[in-house]
$ cat protein_0.cif   # mmCIF, C-alpha atoms
data_model
#
loop_
_atom_site.label_atom_id
_atom_site.label_comp_id
_atom_site.auth_asym_id
_atom_site.auth_seq_id
_atom_site.Cartn_x
_atom_site.Cartn_y
_atom_site.Cartn_z
CA MET A 1 -40.43 24.09 -50.93
CA ALA A 2 -38.75 21.87 -53.58
CA SER A 3 -37.43 18.47 -52.50
CA VAL A 4 -35.41 17.56 -55.62
CA ILE A 5 -34.08 19.53 -58.60
CA HIS A 6 -33.35 17.65 -61.86
CA PHE A 7 -31.74 18.75 -65.11
CA CYS A 8 -33.24 16.60 -67.88
CA ASP A 9 -32.53 16.25 -71.60
CA VAL A 10 -35.12 16.76 -74.36
CA LYS A 11 -36.53 13.27 -73.77
CA GLY A 12 -36.89 13.81 -70.01
CA LYS A 13 -33.94 11.69 -68.92
CA SER A 14 -32.15 13.07 -65.85
CA LEU A 15 -28.62 14.39 -66.49
CA LEU A 16 -27.93 15.78 -63.01
CA SER A 17 -29.93 16.12 -59.81
CA ARG A 18 -29.73 17.46 -56.27
CA ASP A 19 -31.85 15.94 -53.49
CA TYR A 20 -32.48 18.43 -50.66
CA LYS A 21 -34.91 16.59 -48.37
CA GLY A 22 -34.74 12.86 -49.09
CA ASP A 23 -38.52 12.42 -49.09
CA ILE A 24 -38.92 11.64 -52.84
CA PRO A 25 -38.12 8.13 -54.19
CA SER A 26 -35.09 8.18 -56.48
CA ASN A 27 -37.05 6.49 -59.30
CA ALA A 28 -39.78 9.17 -59.34
CA VAL A 29 -38.02 11.02 -62.16
CA GLU A 30 -38.50 7.97 -64.42
CA LYS A 31 -42.14 9.02 -64.83
CA PHE A 32 -41.18 12.42 -66.27
CA PRO A 33 -40.49 11.25 -69.89
CA PHE A 34 -44.01 9.78 -70.02
CA LEU A 35 -45.48 13.07 -68.78
CA LEU A 36 -43.67 14.86 -71.62
CA VAL A 37 -45.07 12.39 -74.17
CA ASP A 38 -48.60 13.03 -72.84
CA ALA A 39 -48.00 16.78 -73.15
CA GLU A 40 -46.83 16.43 -76.78
CA GLU A 41 -49.88 14.33 -77.69
CA ASP A 42 -52.28 16.87 -76.19
CA PRO A 43 -50.48 20.26 -76.05
CA VAL A 44 -53.74 22.20 -75.52
CA SER A 45 -54.40 20.66 -72.11
CA ALA A 46 -50.72 20.26 -71.17
CA LEU A 47 -49.77 21.88 -67.86
CA PRO A 48 -46.33 22.72 -66.38
CA VAL A 49 -47.53 21.19 -63.09
CA VAL A 50 -48.53 17.52 -62.93
CA THR A 51 -49.31 15.40 -59.87
CA TYR A 52 -48.67 11.64 -59.99
CA ASN A 53 -48.68 9.21 -57.04
CA GLY A 54 -48.69 12.10 -54.58
CA ILE A 55 -45.63 13.78 -56.15
CA ASN A 56 -45.83 17.17 -57.86
CA TYR A 57 -43.79 17.59 -61.06
CA LEU A 58 -43.04 21.24 -61.92
CA TYR A 59 -40.87 22.00 -64.95
CA ILE A 60 -39.68 24.70 -67.34
CA SER A 61 -37.86 24.31 -70.67
CA HIS A 62 -34.60 26.05 -71.54
CA ASN A 63 -32.85 25.41 -74.87
CA ASN A 64 -32.55 21.61 -75.10
CA LEU A 65 -33.11 21.07 -71.36
CA TYR A 66 -35.90 20.70 -68.84
CA LEU A 67 -35.43 22.02 -65.31
CA LEU A 68 -37.63 19.87 -63.09
CA ALA A 69 -38.62 20.32 -59.44
CA LEU A 70 -40.25 17.53 -57.42
CA THR A 71 -42.15 18.08 -54.19
CA LYS A 72 -44.70 16.28 -52.04
CA SER A 73 -46.09 19.12 -49.98
CA ASN A 74 -48.55 21.82 -51.03
CA ASN A 75 -46.17 24.66 -51.96
CA ASN A 76 -46.18 28.07 -53.58
CA ILE A 77 -45.66 26.95 -57.19
CA ALA A 78 -44.95 30.51 -58.38
CA GLN A 79 -41.97 30.59 -56.00
CA ILE A 80 -40.69 27.27 -57.33
CA PHE A 81 -40.99 28.41 -60.96
CA LEU A 82 -39.22 31.67 -60.09
CA PHE A 83 -36.39 29.67 -58.51
CA LEU A 84 -36.06 27.42 -61.59
CA HIS A 85 -35.78 30.51 -63.82
CA LYS A 86 -33.21 31.96 -61.40
CA VAL A 87 -31.15 28.76 -61.62
CA ALA A 88 -31.27 28.93 -65.42
CA GLY A 89 -30.20 32.59 -65.30
CA VAL A 90 -27.29 32.00 -62.91
CA LEU A 91 -25.95 29.05 -64.90
CA THR A 92 -26.26 31.05 -68.13
CA ASP A 93 -24.20 33.83 -66.52
CA TYR A 94 -21.55 31.27 -65.52
CA PHE A 95 -21.36 29.24 -68.75
CA LYS A 96 -22.66 31.76 -71.37
CA GLU A 97 -24.95 29.04 -72.74
CA LEU A 98 -27.04 26.64 -70.68
CA GLU A 99 -27.57 23.43 -72.62
CA GLU A 100 -26.97 19.69 -72.29
CA GLU A 101 -23.27 19.93 -73.15
CA SER A 102 -22.58 22.66 -70.56
CA ILE A 103 -24.33 20.56 -67.89
CA ARG A 104 -22.07 17.57 -68.63
CA ASP A 105 -18.92 19.73 -68.76
CA ASN A 106 -19.54 21.63 -65.51
CA PHE A 107 -21.32 19.24 -63.15
CA VAL A 108 -18.92 19.91 -60.23
CA ILE A 109 -19.50 23.66 -60.16
CA ILE A 110 -23.25 23.13 -60.74
CA TYR A 111 -23.45 21.01 -57.58
CA GLU A 112 -21.64 23.78 -55.67
CA LEU A 113 -24.07 26.38 -56.98
CA LEU A 114 -27.14 24.27 -56.20
CA ASP A 115 -25.91 23.82 -52.62
CA GLU A 116 -25.52 27.58 -52.18
CA MET A 117 -28.72 28.56 -53.96
CA MET A 118 -30.99 26.28 -51.93
CA ASP A 119 -30.89 24.80 -48.43
CA PHE A 120 -33.29 22.01 -47.42
CA GLY A 121 -35.57 23.04 -50.26
CA PHE A 122 -35.62 26.77 -49.49
CA PRO A 123 -34.01 29.40 -51.77
CA GLN A 124 -30.96 31.17 -50.36
CA ILE A 125 -28.53 33.09 -52.60
CA THR A 126 -29.63 33.73 -56.18
CA GLU A 127 -27.51 36.76 -57.14
CA THR A 128 -24.82 35.82 -59.67
CA LYS A 129 -22.49 38.64 -58.58
CA MET A 130 -22.45 37.39 -54.99
CA LEU A 131 -22.05 33.73 -55.97
CA LYS A 132 -19.10 34.55 -58.24
CA GLU A 133 -17.23 36.08 -55.30
CA TYR A 134 -16.59 32.66 -53.78
CA ILE A 135 -17.71 30.05 -56.36
CA THR A 136 -15.37 30.53 -59.30
CA GLN A 137 -14.49 28.64 -62.45
CA LYS A 138 -10.77 29.14 -61.80
CA SER A 139 -8.54 26.89 -59.73
CA PHE A 140 -6.49 28.48 -56.97
CA ALA A 141 -3.01 27.36 -55.95
CA LEU A 142 -2.48 27.05 -52.20
CA GLU A 143 -0.13 29.64 -50.80
CA LYS A 144 2.04 29.44 -47.71
CA THR A 145 0.61 32.66 -46.34
CA LYS A 146 -2.44 32.38 -44.15
CA GLN A 147 -5.68 33.01 -46.00
CA THR A 148 -9.26 32.93 -44.87
CA PHE A 149 -11.56 31.25 -47.35
CA GLY A 150 -15.30 31.55 -47.11
CA PRO A 151 -18.35 33.34 -48.43
CA PRO A 152 -18.35 37.16 -48.48
CA SER A 153 -19.75 38.85 -45.39
CA ALA A 154 -22.48 40.47 -47.50
CA LEU A 155 -24.32 37.14 -47.58
CA THR A 156 -25.07 37.38 -43.88
CA ASN A 157 -25.97 41.08 -44.03
CA ALA A 158 -29.39 42.56 -44.66
CA VAL A 159 -28.10 43.69 -48.09
CA SER A 160 -27.01 40.33 -49.47
CA TRP A 161 -26.68 41.56 -53.07
CA ARG A 162 -23.93 44.12 -52.39
CA SER A 163 -20.48 43.87 -50.80
CA GLU A 164 -19.12 46.46 -48.41
CA GLY A 165 -16.05 48.59 -49.12
CA ILE A 166 -16.79 49.36 -52.79
CA GLN A 167 -14.85 52.43 -53.93
CA TYR A 168 -14.94 54.52 -57.12
CA LYS A 169 -12.96 57.65 -57.98
CA LYS A 170 -15.94 59.03 -59.89
CA ASN A 171 -19.39 58.09 -58.60
CA GLU A 172 -21.91 57.65 -61.41
CA ALA A 173 -25.21 55.89 -62.04
CA PHE A 174 -26.45 55.20 -65.58
CA LEU A 175 -30.18 54.54 -66.00
CA ASP A 176 -31.69 53.19 -69.25
CA VAL A 177 -35.43 53.08 -69.93
CA VAL A 178 -35.78 50.53 -72.74
CA GLU A 179 -39.18 49.82 -74.32
CA SER A 180 -39.67 47.00 -76.86
CA ILE A 181 -42.69 47.25 -79.16
CA ASN A 182 -44.53 44.13 -80.34
CA MET A 183 -47.13 44.75 -83.01
CA LEU A 184 -49.16 42.83 -85.60
CA ILE A 185 -50.35 44.95 -88.55
CA ASN A 186 -52.62 43.89 -91.39
CA PRO A 187 -51.81 44.70 -95.06
CA GLN A 188 -54.02 47.82 -94.93
CA GLY A 189 -52.08 49.30 -91.99
CA LYS A 190 -54.58 48.50 -89.22
CA VAL A 191 -52.98 47.41 -85.94
CA LEU A 192 -54.44 44.06 -84.85
CA ARG A 193 -52.37 43.65 -81.68
CA SER A 194 -49.84 45.81 -79.84
CA GLU A 195 -47.99 45.87 -76.54
CA ILE A 196 -45.05 47.62 -74.89
CA LEU A 197 -42.55 45.61 -72.84
CA GLY A 198 -40.47 47.98 -70.75
CA LYS A 199 -37.34 47.60 -68.64
CA ILE A 200 -35.45 50.01 -66.43
CA LYS A 201 -31.78 49.02 -66.31
CA ILE A 202 -29.12 50.55 -64.09
CA LYS A 203 -25.33 50.49 -64.21
CA SER A 204 -24.13 51.48 -60.76
CA HIS A 205 -20.60 52.81 -60.21
CA LEU A 206 -21.16 54.11 -56.69
CA SER A 207 -19.00 53.86 -53.56
CA GLY A 208 -20.09 52.57 -50.16
CA MET A 209 -23.75 51.74 -49.48
CA PRO A 210 -25.70 54.33 -51.48
CA ASP A 211 -29.44 54.73 -51.03
CA LEU A 212 -31.30 55.63 -54.23
CA ARG A 213 -34.78 57.08 -54.72
CA LEU A 214 -36.41 56.95 -58.16
CA GLY A 215 -39.34 59.09 -59.27
CA LEU A 216 -41.43 58.24 -62.35
CA ASN A 217 -44.47 59.84 -63.99
CA ASP A 218 -46.54 56.66 -63.67
CA LYS A 219 -49.79 55.92 -61.84
CA LEU A 220 -48.06 53.42 -59.57
CA THR A 221 -46.02 56.13 -57.87
CA ASN A 222 -48.13 59.18 -58.70
CA ASN A 223 -51.82 59.72 -58.03
CA SER A 224 -52.13 62.29 -60.81
CA LYS A 225 -52.35 61.50 -64.50
CA GLY A 226 -49.52 59.27 -65.64
CA VAL A 227 -48.56 56.08 -67.44
CA GLU A 228 -50.53 53.05 -66.23
CA MET A 229 -48.13 50.09 -66.12
CA GLU A 230 -49.11 46.42 -65.78
CA ASP A 231 -47.25 43.27 -64.68
CA VAL A 232 -44.64 45.30 -62.80
CA LYS A 233 -41.71 43.27 -61.43
CA PHE A 234 -38.94 44.64 -59.20
CA HIS A 235 -35.42 43.53 -58.43
CA GLN A 236 -35.06 42.19 -54.90
CA CYS A 237 -33.15 45.32 -53.85
CA VAL A 238 -36.35 47.43 -54.03
CA ARG A 239 -38.04 47.95 -50.66
CA LEU A 240 -41.47 46.52 -51.45
CA SER A 241 -43.04 47.61 -48.16
CA LYS A 242 -42.01 51.21 -48.84
CA PHE A 243 -43.43 50.97 -52.33
CA GLU A 244 -46.73 49.41 -51.19
CA ASN A 245 -47.28 51.91 -48.37
CA GLU A 246 -45.88 55.15 -49.82
CA LYS A 247 -45.62 54.43 -53.58
CA ILE A 248 -41.91 55.32 -53.50
CA ILE A 249 -39.19 53.29 -55.28
CA THR A 250 -36.18 53.19 -52.94
CA PHE A 251 -33.26 50.73 -53.03
CA ILE A 252 -29.60 50.02 -52.33
CA PRO A 253 -28.34 48.91 -55.77
CA PRO A 254 -26.08 45.96 -56.59
CA ASP A 255 -22.69 46.97 -57.95
CA GLY A 256 -22.50 47.07 -61.75
CA GLU A 257 -25.33 46.33 -64.17
CA PHE A 258 -28.76 45.01 -63.16
CA GLU A 259 -32.43 45.25 -64.13
CA LEU A 260 -34.29 47.35 -61.57
CA MET A 261 -37.81 46.69 -62.85
CA SER A 262 -39.87 45.53 -65.81
CA TYR A 263 -43.40 46.36 -66.90
CA ARG A 264 -45.95 45.88 -69.67
CA LEU A 265 -48.50 48.17 -71.32
CA SER A 266 -51.25 46.82 -73.58
CA THR A 267 -52.14 50.21 -74.99
CA PRO A 268 -53.35 50.93 -78.56
CA LEU A 269 -50.46 52.11 -80.74
CA LYS A 270 -49.99 53.29 -84.29
CA PRO A 271 -47.19 51.75 -86.39
CA LEU A 272 -43.90 53.54 -85.76
CA ILE A 273 -42.36 52.10 -88.94
CA TRP A 274 -44.95 51.27 -91.60
CA VAL A 275 -44.22 49.16 -94.69
CA ASP A 276 -46.63 48.99 -97.63
CA CYS A 277 -45.58 46.02 -99.77
CA LYS A 278 -47.07 44.64 -102.98
CA ILE A 279 -46.03 41.53 -104.92
CA SER A 280 -46.77 41.33 -108.65
CA LYS A 281 -46.61 38.10 -110.66
CA HIS A 282 -45.33 38.11 -114.26
CA SER A 283 -45.93 34.93 -116.31
CA ASN A 284 -44.45 31.82 -114.71
CA SER A 285 -40.87 33.00 -114.51
CA ARG A 286 -40.55 36.03 -112.24
CA ILE A 287 -42.10 38.17 -109.53
CA GLU A 288 -41.73 41.84 -108.74
CA ILE A 289 -41.80 43.29 -105.22
CA TYR A 290 -42.53 46.95 -104.59
CA ALA A 291 -42.38 48.42 -101.09
CA LYS A 292 -42.64 51.83 -99.44
CA VAL A 293 -41.50 52.42 -95.87
CA LYS A 294 -42.43 55.43 -93.77
CA ALA A 295 -41.15 56.56 -90.37
CA GLN A 296 -44.35 57.57 -88.55
CA ILE A 297 -42.52 59.19 -85.66
CA LYS A 298 -41.87 62.85 -84.77
CA LYS A 299 -39.68 64.70 -87.27
CA LYS A 300 -37.09 65.47 -84.59
CA SER A 301 -36.72 61.73 -83.85
CA THR A 302 -34.56 59.31 -85.86
CA ALA A 303 -34.80 55.52 -86.05
CA ASN A 304 -31.39 53.81 -86.20
CA ASN A 305 -30.34 50.46 -87.69
CA VAL A 306 -33.68 49.83 -89.38
CA GLU A 307 -33.99 46.39 -90.99
CA ILE A 308 -36.97 45.35 -93.11
CA LEU A 309 -37.09 41.59 -93.72
CA ILE A 310 -39.30 40.83 -96.75
CA PRO A 311 -40.10 37.12 -97.32
CA ILE A 312 -39.82 35.64 -100.82
CA PRO A 313 -40.57 32.18 -102.32
CA GLU A 314 -37.96 29.59 -101.30
CA ASP A 315 -36.60 28.96 -104.79
CA ALA A 316 -36.62 32.56 -106.02
CA ASP A 317 -33.24 33.61 -107.42
CA SER A 318 -31.32 36.18 -109.49
CA PRO A 319 -32.58 39.29 -107.66
CA LYS A 320 -32.27 42.77 -109.17
CA PHE A 321 -32.73 45.69 -106.78
CA ARG A 322 -33.62 49.37 -107.07
CA TYR A 323 -33.95 51.51 -103.94
CA SER A 324 -33.92 55.17 -102.94
CA ASN A 325 -31.92 54.81 -99.74
CA GLY A 326 -29.94 52.34 -97.64
CA SER A 327 -28.71 48.94 -98.82
CA MET A 328 -30.32 45.68 -99.90
CA LYS A 329 -29.23 42.07 -99.57
CA TRP A 330 -30.65 38.73 -100.66
CA VAL A 331 -30.36 36.02 -97.98
CA PRO A 332 -31.22 32.76 -99.82
CA GLU A 333 -30.80 30.45 -96.81
CA LYS A 334 -33.62 32.33 -95.04
CA SER A 335 -35.64 33.13 -98.19
CA ILE A 336 -35.74 36.84 -97.40
CA ILE A 337 -34.64 40.20 -98.75
CA VAL A 338 -33.11 42.49 -96.12
CA TRP A 339 -33.46 46.23 -96.63
CA LYS A 340 -31.22 48.20 -94.24
CA LEU A 341 -31.52 51.89 -93.39
CA LYS A 342 -28.81 53.11 -91.04
CA GLN A 343 -30.72 56.27 -90.10
CA PHE A 344 -34.40 56.96 -90.77
CA GLN A 345 -35.67 60.40 -89.79
CA GLY A 346 -39.28 60.86 -88.69
CA GLY A 347 -41.69 61.73 -91.52
CA LYS A 348 -39.32 60.43 -94.22
CA GLU A 349 -40.44 57.88 -96.81
CA TYR A 350 -38.32 55.59 -99.00
CA SER A 351 -39.12 53.02 -101.67
CA MET A 352 -37.59 49.91 -103.21
CA SER A 353 -38.33 47.40 -105.94
CA ALA A 354 -36.95 43.94 -106.62
CA GLN A 355 -37.29 41.45 -109.45
CA LEU A 356 -36.63 37.76 -108.83
CA GLY A 357 -36.66 34.71 -111.07
CA LEU A 358 -38.86 31.68 -110.38
CA PRO A 359 -37.26 28.74 -112.21
CA SER A 360 -39.55 25.99 -110.97
CA VAL A 361 -42.71 27.49 -109.45
CA SER A 362 -45.91 28.20 -111.28
CA ILE A 363 -47.99 31.17 -110.17
CA ASP A 364 -50.96 28.80 -109.95
CA ASP A 365 -49.08 26.58 -107.49
CA PRO A 366 -50.47 27.14 -103.94
CA SER A 367 -46.93 26.84 -102.55
CA PHE A 368 -46.06 30.05 -104.43
CA LYS A 369 -47.88 32.23 -101.91
CA VAL A 370 -45.63 33.77 -99.29
CA LYS A 371 -47.48 33.31 -96.00
CA ARG A 372 -44.76 34.69 -93.72
CA PRO A 373 -45.13 38.31 -92.63
CA ILE A 374 -42.69 41.17 -93.05
CA GLN A 375 -40.55 41.69 -89.96
CA VAL A 376 -39.20 45.11 -88.95
CA LYS A 377 -36.30 45.87 -86.59
CA PHE A 378 -35.30 49.32 -85.35
CA GLN A 379 -34.03 51.47 -82.47
CA ILE A 380 -35.20 54.98 -81.61
CA PRO A 381 -33.04 56.79 -79.03
CA TYR A 382 -34.24 59.60 -76.71
CA PHE A 383 -37.84 58.41 -77.03
CA THR A 384 -40.38 56.19 -75.22
CA THR A 385 -43.69 55.17 -76.79
CA SER A 386 -45.49 54.98 -73.45
CA GLY A 387 -44.42 58.49 -72.44
CA ILE A 388 -42.83 57.28 -69.22
CA GLN A 389 -40.26 59.68 -67.80
CA VAL A 390 -37.75 59.65 -64.97
CA ARG A 391 -38.58 62.68 -62.83
CA TYR A 392 -35.58 62.27 -60.56
CA LEU A 393 -32.91 59.82 -59.39
CA ARG A 394 -31.58 60.89 -56.01
CA ILE A 395 -28.41 59.30 -54.65
CA ASN A 396 -27.43 59.50 -50.99
CA GLU A 397 -24.54 57.78 -49.21
CA PRO A 398 -25.01 58.77 -45.52
CA LYS A 399 -21.42 58.12 -44.41
CA MET A 400 -19.43 59.38 -47.41
CA GLN A 401 -21.68 62.23 -48.65
CA TYR A 402 -20.01 62.30 -52.08
CA GLN A 403 -21.21 64.14 -55.17
CA SER A 404 -22.74 61.75 -57.68
CA TYR A 405 -23.76 62.00 -61.32
CA PRO A 406 -26.93 60.23 -62.51
CA TRP A 407 -27.39 59.80 -66.28
CA VAL A 408 -30.73 58.87 -67.90
CA ARG A 409 -31.24 57.52 -71.41
CA TYR A 410 -34.43 56.48 -73.26
CA ILE A 411 -34.61 53.88 -76.04
CA THR A 412 -37.57 52.49 -78.00
CA GLN A 413 -36.89 49.41 -80.11
CA SER A 414 -38.71 46.70 -82.01
CA GLY A 415 -39.60 43.61 -80.01
CA ASP A 416 -39.36 40.01 -81.17
CA ASP A 417 -42.77 40.27 -82.87
CA TYR A 418 -43.09 43.52 -84.85
CA THR A 419 -44.65 42.13 -88.03
CA ILE A 420 -46.76 43.24 -91.02
CA ARG A 421 -48.92 40.74 -92.87
CA LEU A 422 -48.79 40.44 -96.66
CA ASN A 423 -51.87 40.21 -98.89
CA GLU A 424 -52.79 36.58 -99.43
#
$ encode --input "protein_0.cif" --output "structure tokens"
Amino acid sequence: MASVIHFCDVKGKSLLSRDYKGDIPSNAVEKFPFLLVDAEEDPVSALPVVTYNGINYLYISHNNLYLLALTKSNNNIAQIFLFLHKVAGVLTDYFKELEEESIRDNFVIIYELLDEMMDFGFPQITETKMLKEYITQKSFALEKTKQTFGPPSALTNAVSWRSEGIQYKKNEAFLDVVESINMLINPQGKVLRSEILGKIKIKSHLSGMPDLRLGLNDKLTNNSKGVEMEDVKFHQCVRLSKFENEKIITFIPPDGEFELMSYRLSTPLKPLIWVDCKISKHSNSRIEIYAKVKAQIKKKSTANNVEILIPIPEDADSPKFRYSNGSMKWVPEKSIIVWKLKQFQGGKEYSMSAQLGLPSVSIDDPSFKVKRPIQVKFQIPYFTTSGIQVRYLRINEPKMQYQSYPWVRYITQSGDDYTIRLNE
């Protein structure tokens, strides 16, 4: 697969590298900064895969870094990109933040991880939990007693993501179905774009080697009417052959927290939280903002921690607020007003008004217009927009036969792009 892995700074200069095969010239990476310049000059036609002098350059960006893979052979590029993202994820788990400074401060442990994660260009161990069992950030003092150092036996087992001998006094499994809603709404309330990004997360506190079976009301696992999911991705613990042949999700889970699967739905949606906002201009010295917000969800549901971020002109000042519920705050460094509602019951409607001074901007100045949209943040527990439901979660440990307790929770929340346009 990959011959060389490089960590490069924002200009494309190599900070650290690991050569796995020895078939790529050491100066090949010197071409990478020029490839980045070409990509910046023509971003429309820029590709994450470039071939130059018979060498393939594949790269991803992460914070202020580029993770670059070089290879000569004709490889599965999706596998290489997946590995680069896995490397970024593992290093983020180790160092909390993966950036240029953390690369320079931790190069010794990074070399150790790269050696364990790939062998002669082929991926090996990519589970952080397993790597942390024998590649640690702590130093160990040598003891006089005999000790056997080495990787955990799980790495050579068929289940490489879980160690043997795990014991809990109370065996529980917590399953969260979390759906994030991205939506673009015009000023009249019409939805221009919407999508649901879903994740099923599990926290496993189970002894031994439990075998789990998950049932959903989706069309992937059920031939009858159900939720039609797209772009489904599974954790490596899921038996893909069983899923492909019998449409059953079965797996031996890693210990602790992990993401079992993710999915996407590009289904038409109505706004869950709708904001009607109007901006009035008064002479050359002030503006007035009036907004109504409505929770367009079932009356028995409640949205928690609602935040409505209303953009204002950059040099607006001296705000005066009136509102029927919640709290309001002016954030001058971001040029926004934040309206917070701790709990927002379905069907309820609240209003606010704000007056702000404009010491230096004329209403005829084109820079006066606020072109940024309103952004909305929220969480709705016990509810999924897609209608997906967990029909069952069966837990079986063939040797121990203990009683287990599965818990299921549903959460719908705003995604990174739940926005409402203002009138121009």
$ closest_residue --input "protein_0.cif" --among "A:Ser61, A:Asn423, A:Ser17, A:Thr71" --to "Met1 (chain A)" --atoms "all atoms listed in the file"
A:Thr71
$ residues_around --input "protein_0.cif" --residues "Lys340 (chain A)" --least-positions-apart "6" --cutoff "8 Å" --atoms "all atoms listed in the file" --output "MDAnalysis selection string"
chainID A and resid 305:308 326:328
$ resolve_selection --input "protein_0.cif" --expression "the PyMOL selection byres ((chain A and resi 404-416) around 10)" --output "ChimeraX atom specification"
/A:170-183,195-198,200-207,272-273,303-304,306,375-386,388-390,392-397,401-403,417-419
$ atom_distance --input "protein_0.cif" --atom1 "CA of Glu244 (chain A)" --atom2 "CA of Met261 (chain A)"
14.9 Å
$ atom_distance --input "protein_0.cif" --atom1 "CA of Gly357 (chain A)" --atom2 "CA of Val275 (chain A)"
23.1 Å
$ atom_distance --input "protein_0.cif" --atom1 "CA of Ile5 (chain A)" --atom2 "CA of Tyr111 (chain A)"
10.8 Å
$ resolve_selection --input "protein_0.cif" --expression "the PyMOL selection byres ((chain A and resi 294) around 6)" --output "list in words"
Ile273, Trp274, Val293, Ala295, Gln296, Lys348 and Glu349 of chain A
$ closest_residue --input "protein_0.cif" --among "A:Gly215, A:Cys237, A:Phe81, A:Gly387" --to "Thr267 (chain A)" --atoms "all atoms listed in the file"
A:Gly387
$ resolve_selection --input "protein_0.cif" --expression "the PyMOL selection byres ((chain A and resi 50-54) around 9)" --output "number ranges by chain"
A: 31, 35, 46-49, 55-58, 71-73
$ write_last_selection --input "protein_0.cif" --atoms "C-alpha atoms" --output "PDB file, in the frame of the given file"
ATOM      1  CA  LYS A  31     -42.140   9.020 -64.830  1.00  0.00           C
ATOM      2  CA  LEU A  35     -45.480  13.070 -68.780  1.00  0.00           C
ATOM      3  CA  ALA A  46     -50.720  20.260 -71.170  1.00  0.00           C
ATOM      4  CA  LEU A  47     -49.770  21.880 -67.860  1.00  0.00           C
ATOM      5  CA  PRO A  48     -46.330  22.720 -66.380  1.00  0.00           C
ATOM      6  CA  VAL A  49     -47.530  21.190 -63.090  1.00  0.00           C
ATOM      7  CA  ILE A  55     -45.630  13.780 -56.150  1.00  0.00           C
ATOM      8  CA  ASN A  56     -45.830  17.170 -57.860  1.00  0.00           C
ATOM      9  CA  TYR A  57     -43.790  17.590 -61.060  1.00  0.00           C
ATOM     10  CA  LEU A  58     -43.040  21.240 -61.920  1.00  0.00           C
ATOM     11  CA  THR A  71     -42.150  18.080 -54.190  1.00  0.00           C
ATOM     12  CA  LYS A  72     -44.700  16.280 -52.040  1.00  0.00           C
ATOM     13  CA  SER A  73     -46.090  19.120 -49.980  1.00  0.00           C
TER      14      SER A  73
END
$ residues_around --input "protein_0.cif" --residues "Ile420 (chain A)" --least-positions-apart "2" --cutoff "7 Å" --atoms "only C-alpha atoms" --output "JSON, numbers by chain"
{"A": [184, 185, 186, 187, 373, 374, 375, 422]}
$ closest_residue --input "protein_0.cif" --among "A:Ile289, A:Tyr263, A:Glu127, A:Leu16" --to "Phe107 (chain A)" --atoms "all atoms listed in the file"
A:Leu16
$ residues_near_point --input "protein_0.cif" --point "(-53.6, 46.0, -76.0)" --cutoff "8 Å" --atoms "all atoms listed in the file" --output "number ranges by chain"
A: 193-195, 265-268
$ write_last_selection --input "protein_0.cif" --atoms "C-alpha atoms" --output "tab-separated table (two decimals), in the coordinates of the input"
chain	number	residue	atom	x	y	z
A	193	ARG	CA	-52.37	43.65	-81.68
A	194	SER	CA	-49.84	45.81	-79.84
A	195	GLU	CA	-47.99	45.87	-76.54
A	265	LEU	CA	-48.50	48.17	-71.32
A	266	SER	CA	-51.25	46.82	-73.58
A	267	THR	CA	-52.14	50.21	-74.99
A	268	PRO	CA	-53.35	50.93	-78.56
$ closest_residue --input "protein_0.cif" --among "A:Gly121, A:Pro43, A:Pro33, A:Pro210" --to "Pro398 (chain A)" --atoms "only C-alpha atoms"
A:Pro210
$ axis_aligned_box --input "protein_0.cif" --around "region 344-347 of chain A" --padding-each-side "4 Å" --output "JSON"
{"center_x": -38.0, "center_y": 59.3, "center_z": -90.1, "size_x": 15.3, "size_y": 12.8, "size_z": 10.8}
$ closest_residue --input "protein_0.cif" --among "A:Ser3, A:Asn217, A:Asn245, A:Ser335" --to "Leu309 (chain A)" --atoms "all atoms listed in the file"
A:Ser335
$ residues_near_point --input "protein_0.cif" --point "(-42.6, 40.2, -109.5)" --cutoff "10 Å" --atoms "all atoms listed in the file" --output "PyMOL selection string"
chain A and resi 278-283+285-290+353-358
$ residues_around --input "protein_0.cif" --residues "Thr302 (chain A)" --least-positions-apart "2" --cutoff "8 Å" --atoms "all atoms listed in the file" --output "ChimeraX atom specification"
/A:297,299-300,304,343-346,380-381
$ decode --input "protein_0.cif" --residues "region 416-420 of chain A" --atoms "N, CA, C and O atoms" --output "PDB file, in the first residue's frame"
ATOM      1  N   ASP A 416     -23.509  21.324  12.442  1.00  0.00           N
ATOM      2  CA  ASP A 416     -22.627  22.492  12.311  1.00  0.00           C
ATOM      3  C   ASP A 416     -23.214  23.549  11.383  1.00  0.00           C
ATOM      4  O   ASP A 416     -22.711  24.669  11.318  1.00  0.00           O
ATOM      5  N   ASP A 417     -24.265  23.188  10.640  1.00  0.00           N
ATOM      6  CA  ASP A 417     -24.787  24.100   9.616  1.00  0.00           C
ATOM      7  C   ASP A 417     -26.315  24.149   9.661  1.00  0.00           C
ATOM      8  O   ASP A 417     -26.974  23.838   8.679  1.00  0.00           O
ATOM      9  N   TYR A 418     -26.880  24.537  10.790  1.00  0.00           N
ATOM     10  CA  TYR A 418     -28.319  24.796  10.892  1.00  0.00           C
ATOM     11  C   TYR A 418     -28.480  26.317  10.866  1.00  0.00           C
ATOM     12  O   TYR A 418     -28.271  26.995  11.889  1.00  0.00           O
ATOM     13  N   THR A 419     -28.819  26.872   9.690  1.00  0.00           N
ATOM     14  CA  THR A 419     -28.767  28.321   9.519  1.00  0.00           C
ATOM     15  C   THR A 419     -30.043  28.842   8.822  1.00  0.00           C
ATOM     16  O   THR A 419     -30.698  28.125   8.049  1.00  0.00           O
ATOM     17  N   ILE A 420     -30.347  30.106   9.121  1.00  0.00           N
ATOM     18  CA  ILE A 420     -31.515  30.786   8.545  1.00  0.00           C
ATOM     19  C   ILE A 420     -31.031  32.103   7.936  1.00  0.00           C
ATOM     20  O   ILE A 420     -30.433  32.929   8.620  1.00  0.00           O
TER      21      ILE A 420
END
